[in-house]
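Next comes protein-v4.tsv, a file with TSV, C-alpha atoms and all ligand atoms.
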```tsv
chain	number	residue	atom	x	y	z
A	1	MET	CA	122.28	135.92	190.31
A	2	GLU	CA	125.40	135.38	192.39
A	3	LYS	CA	125.98	137.81	195.22
A	4	ASN	CA	129.45	138.87	194.12
A	5	ILE	CA	128.22	139.62	190.60
A	6	LEU	CA	125.34	141.65	191.98
A	7	LEU	CA	127.79	143.54	194.15
A	8	LYS	CA	129.93	144.27	191.10
A	9	HIS	CA	126.93	145.63	189.23
A	10	ARG	CA	125.88	147.72	192.20
A	11	LEU	CA	129.34	149.28	192.40
A	12	GLN	CA	129.33	149.91	188.68
A	13	LEU	CA	125.92	151.59	188.90
A	14	LEU	CA	126.91	153.72	191.87
A	15	GLN	CA	130.07	154.80	190.09
A	16	ARG	CA	128.12	155.82	187.00
A	17	LEU	CA	125.63	157.63	189.22
A	18	SER	CA	128.34	159.76	190.78
A	19	GLU	CA	129.79	160.55	187.33
A	20	LEU	CA	126.34	161.52	186.21
A	21	LYS	CA	125.88	163.82	189.21
A	22	LYS	CA	129.07	165.66	188.30
A	23	SER	CA	128.07	165.99	184.64
A	24	MET	CA	124.63	167.22	185.64
A	25	ALA	CA	126.11	169.82	187.97
A	26	THR	CA	128.32	171.09	185.13
A	27	ILE	CA	125.46	171.35	182.70
A	28	ASN	CA	123.27	173.03	185.33
A	29	VAL	CA	125.92	175.73	185.66
A	30	GLU	CA	126.01	176.08	181.88
A	31	LEU	CA	122.25	176.42	181.66
A	32	THR	CA	122.14	178.95	184.49
A	33	GLU	CA	124.91	181.02	182.91
A	34	ALA	CA	123.18	180.88	179.55
A	35	ALA	CA	119.97	182.11	181.13
A	36	GLU	CA	121.76	184.94	182.90
A	37	SER	CA	123.76	186.15	179.89
A	38	HIS	CA	120.75	185.84	177.64
A	39	THR	CA	121.10	188.34	174.79
A	40	SER	CA	118.14	190.14	173.41
A	41	PHE	CA	116.82	189.10	170.04
A	42	LEU	CA	117.02	192.75	168.99
A	43	GLN	CA	120.73	193.01	169.83
A	44	ASP	CA	122.04	190.43	167.38
A	45	PRO	CA	119.74	187.91	165.74
A	46	LEU	CA	122.68	185.69	164.79
A	47	ASP	CA	124.02	185.54	168.33
A	48	HIS	CA	120.55	184.89	169.56
A	49	ALA	CA	120.04	181.99	167.16
A	50	ARG	CA	123.39	180.47	168.07
A	51	GLU	CA	122.55	180.78	171.74
A	52	GLN	CA	119.20	179.08	171.21
A	53	THR	CA	120.86	176.15	169.44
A	54	ASP	CA	123.45	175.75	172.20
A	55	LEU	CA	120.78	175.98	174.83
A	56	ARG	CA	118.63	173.38	173.14
A	57	ALA	CA	121.61	171.00	172.89
A	58	SER	CA	122.35	171.48	176.58
A	59	PHE	CA	118.73	170.83	177.48
A	60	GLU	CA	118.76	167.64	175.44
A	61	ILE	CA	121.89	166.41	177.19
A	62	HIS	CA	120.37	167.34	180.54
A	63	GLU	CA	117.27	165.33	179.71
A	64	LYS	CA	119.41	162.35	178.67
A	65	TYR	CA	121.20	162.50	182.02
A	66	ILE	CA	117.91	162.62	183.89
A	67	ASN	CA	116.69	159.55	182.01
A	68	GLU	CA	119.90	157.68	182.66
A	69	ARG	CA	119.75	158.55	186.34
A	70	LYS	CA	116.20	157.19	186.43
A	71	GLU	CA	117.37	153.95	184.79
A	72	ILE	CA	120.24	153.58	187.25
A	73	MET	CA	117.99	154.19	190.26
A	74	HIS	CA	115.60	151.61	188.86
A	75	ALA	CA	118.41	149.09	188.39
A	76	LEU	CA	119.57	149.66	191.98
A	77	GLU	CA	116.02	149.05	193.18
A	78	ARG	CA	115.97	145.84	191.19
A	79	ILE	CA	119.19	144.72	192.86
A	80	ASP	CA	117.53	145.34	196.24
A	81	ASN	CA	114.29	143.52	195.44
A	82	GLY	CA	116.03	140.62	193.72
A	83	SER	CA	114.68	141.15	190.20
A	84	PHE	CA	117.91	142.57	188.78
A	85	GLY	CA	118.88	141.01	185.47
A	86	GLU	CA	115.38	139.81	184.56
A	87	CYS	CA	113.97	141.05	181.29
A	88	ASP	CA	110.97	143.31	181.91
A	89	ASP	CA	109.14	141.88	178.91
A	90	CYS	CA	109.81	138.14	178.73
A	91	GLY	CA	111.14	137.49	182.23
A	92	GLU	CA	114.24	135.68	180.93
A	93	MET	CA	117.63	136.56	182.38
A	94	ILE	CA	119.44	139.32	180.51
A	95	SER	CA	122.85	138.07	179.37
A	96	SER	CA	125.69	138.91	181.73
A	97	ARG	CA	127.62	140.41	178.83
A	98	ARG	CA	124.81	142.86	178.16
A	99	LEU	CA	124.54	143.74	181.84
A	100	LEU	CA	128.26	144.31	182.01
A	101	VAL	CA	128.05	146.91	179.24
A	102	GLN	CA	124.74	148.36	180.40
A	103	PRO	CA	123.84	147.36	183.96
A	104	SER	CA	120.71	149.52	183.79
A	105	ALA	CA	119.29	147.48	180.89
A	106	LEU	CA	115.67	146.48	181.52
A	107	LEU	CA	115.19	144.26	178.50
A	108	CYS	CA	117.08	141.32	177.08
A	109	LEU	CA	118.72	141.87	173.72
A	110	GLU	CA	115.93	140.12	171.79
A	111	CYS	CA	113.16	142.18	173.42
A	112	GLN	CA	115.20	145.37	173.03
A	113	ARG	CA	115.70	144.67	169.33
A	114	TYR	CA	112.04	143.84	168.91
A	115	LYS	CA	111.06	147.07	170.66
A	116	GLU	CA	113.47	149.17	168.59
A	117	GLY	CA	112.32	147.53	165.38
A	118	PHE	CA	108.76	148.24	166.42
A	119	THR	CA	109.55	151.89	167.13
A	120	VAL	CA	111.23	152.28	163.74
A	121	ALA	CA	108.22	150.69	162.03
A	122	VAL	CA	105.77	152.96	163.86
A	123	MET	CA	107.85	156.07	163.15
A	124	ALA	CA	107.99	155.18	159.46
A	125	LYS	CA	104.19	155.08	159.33
A	126	MET	CA	103.74	158.43	161.04
A	127	PRO	CA	102.98	161.34	158.74
A	128	LYS	CA	105.89	163.75	158.46
A	129	LEU	CA	105.18	166.87	160.42
A	130	ASN	CA	106.09	169.91	158.42
A	131	PRO	CA	104.91	173.09	160.08
A	132	ILE	CA	105.54	175.08	156.89
A	133	ASP	CA	103.28	172.86	154.79
A	134	SER	CA	100.47	172.88	157.30
A	135	THR	CA	100.36	176.60	157.93
A	136	PRO	CA	97.32	178.35	156.47
A	137	PHE	CA	99.60	181.22	155.41
A	138	ASN	CA	101.28	179.06	152.83
A	139	TYR	CA	98.68	179.70	150.14
A	140	SER	CA	99.67	181.68	147.12
A	141	ARG	CA	98.00	185.04	146.50
A	142	GLU	CA	95.92	183.58	143.65
A	143	GLU	CA	94.44	180.89	145.90
A	144	ILE	CA	93.37	183.40	148.48
A	145	ALA	CA	91.92	185.82	145.92
B	201	ZN	ZN	113.19	139.66	176.94
```

Can you dump the structure from the file as structure tokens?
Amino acid sequence: MEKNILLKHRLQLLQRLSELKKSMATINVELTEAAESHTSFLQDPLDHAREQTDLRASFEIHEKYINERKEIMHALERIDNGSFGECDDCGEMISSRRLLVQPSALLCLECQRYKEGFTVAVMAKMPKLNPIDSTPFNYSREEIA
């Protein structure tokens, strides 16, 4: 890949990384505040439930940021070792259009689609997990007696 294009991608990645750092700092503050102002379950069950939902959402976002940061660091490494832009699966060059939108992409569009299609197929075959159905306390009184 041409040096000036690589440089452009590096700048783009570094910019996103600094945005990510800011967002992560914000959400860290949110999570810390939530932990400190934690209401007791006995005080107000509704408040507690709402808090739990908010907290879970924040954790999910936090996790997403961590994953994205990992991807960006990986992409920067790939720029340094000269493998940036190569598909991790087939070794072909990832299209420049794709890299422009998502410089941290590790797979070409075809491999990405294949992988996603595969994941969807596997998920569809997995049994649905329903904790209510699988609990032994779900028997009716007649069944137990
Ligand atoms: Zn590929």

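Using only C-alpha atoms, the smallest distance between any of A:Met1, A:Ile72, A:Cys111, A:Ile94 and A:Leu13 comes from A:Ile72.
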
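What separates atom CA of A:Leu107 from atom CA of A:Ser95 is a distance of 9.9 Å.
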
#### Entry: Near-ligand residues for ligand ZN 201 (chain B), threshold 9 Å, only C-alpha atoms and all ligand atoms, as a VMD selection string
chain A and resid 86 to 94 106 to 112

With all atoms listed in the file counted and 9 Å as the cut-off, give the residues of stretch 56-97 of chain A in contact with stretch 17-23 of chain A, each with its shortest interatomic distance in Å and the pair that gives it, as JSON lines.
```
{"residue": "A:His62", "atom": "CA", "partner": "A:Ser23", "partner_atom": "CA", "distance": 8.8}
{"residue": "A:Tyr65", "atom": "CA", "partner": "A:Leu20", "partner_atom": "CA", "distance": 6.7}
{"residue": "A:Ile66", "atom": "CA", "partner": "A:Leu20", "partner_atom": "CA", "distance": 8.8}
{"residue": "A:Glu68", "atom": "CA", "partner": "A:Leu20", "partner_atom": "CA", "distance": 8.3}
{"residue": "A:Arg69", "atom": "CA", "partner": "A:Leu17", "partner_atom": "CA", "distance": 6.6}
{"residue": "A:Ile72", "atom": "CA", "partner": "A:Leu17", "partner_atom": "CA", "distance": 7.0}
{"residue": "A:Met73", "atom": "CA", "partner": "A:Leu17", "partner_atom": "CA", "distance": 8.4}
```

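Nearest residue to A:Ile79 among A:Lys64, A:Lys115, A:Lys125, A:Arg10 is A:Arg10, counting only C-alpha atoms.
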
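In this structure, atom CA of A:Pro103 sits 7.2 Å away from atom CA of A:Ala75.
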
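Atom CA of A:Leu76 is found 8.4 Å from atom CA of A:Leu14.
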
### Query
Once you count only C-alpha atoms, which residues end up no further than 8 Å from (126.1, 150.0, 184.5) in the file's frame, shown as a ChimeraX atom specification?
/A:9,12-13,16,72,99-104

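The nearest approach to A:His74 among the residues A:Ala105, A:Val120, A:Glu33, A:Phe59, with all atoms listed in the file taken into account, belongs to A:Ala105.
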
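For the residues A:Ser96, A:Asn67, A:Ser83, A:Ser37, ranking by smallest atom-to-atom distance to A:Met24 using only C-alpha atoms places A:Asn67 first.
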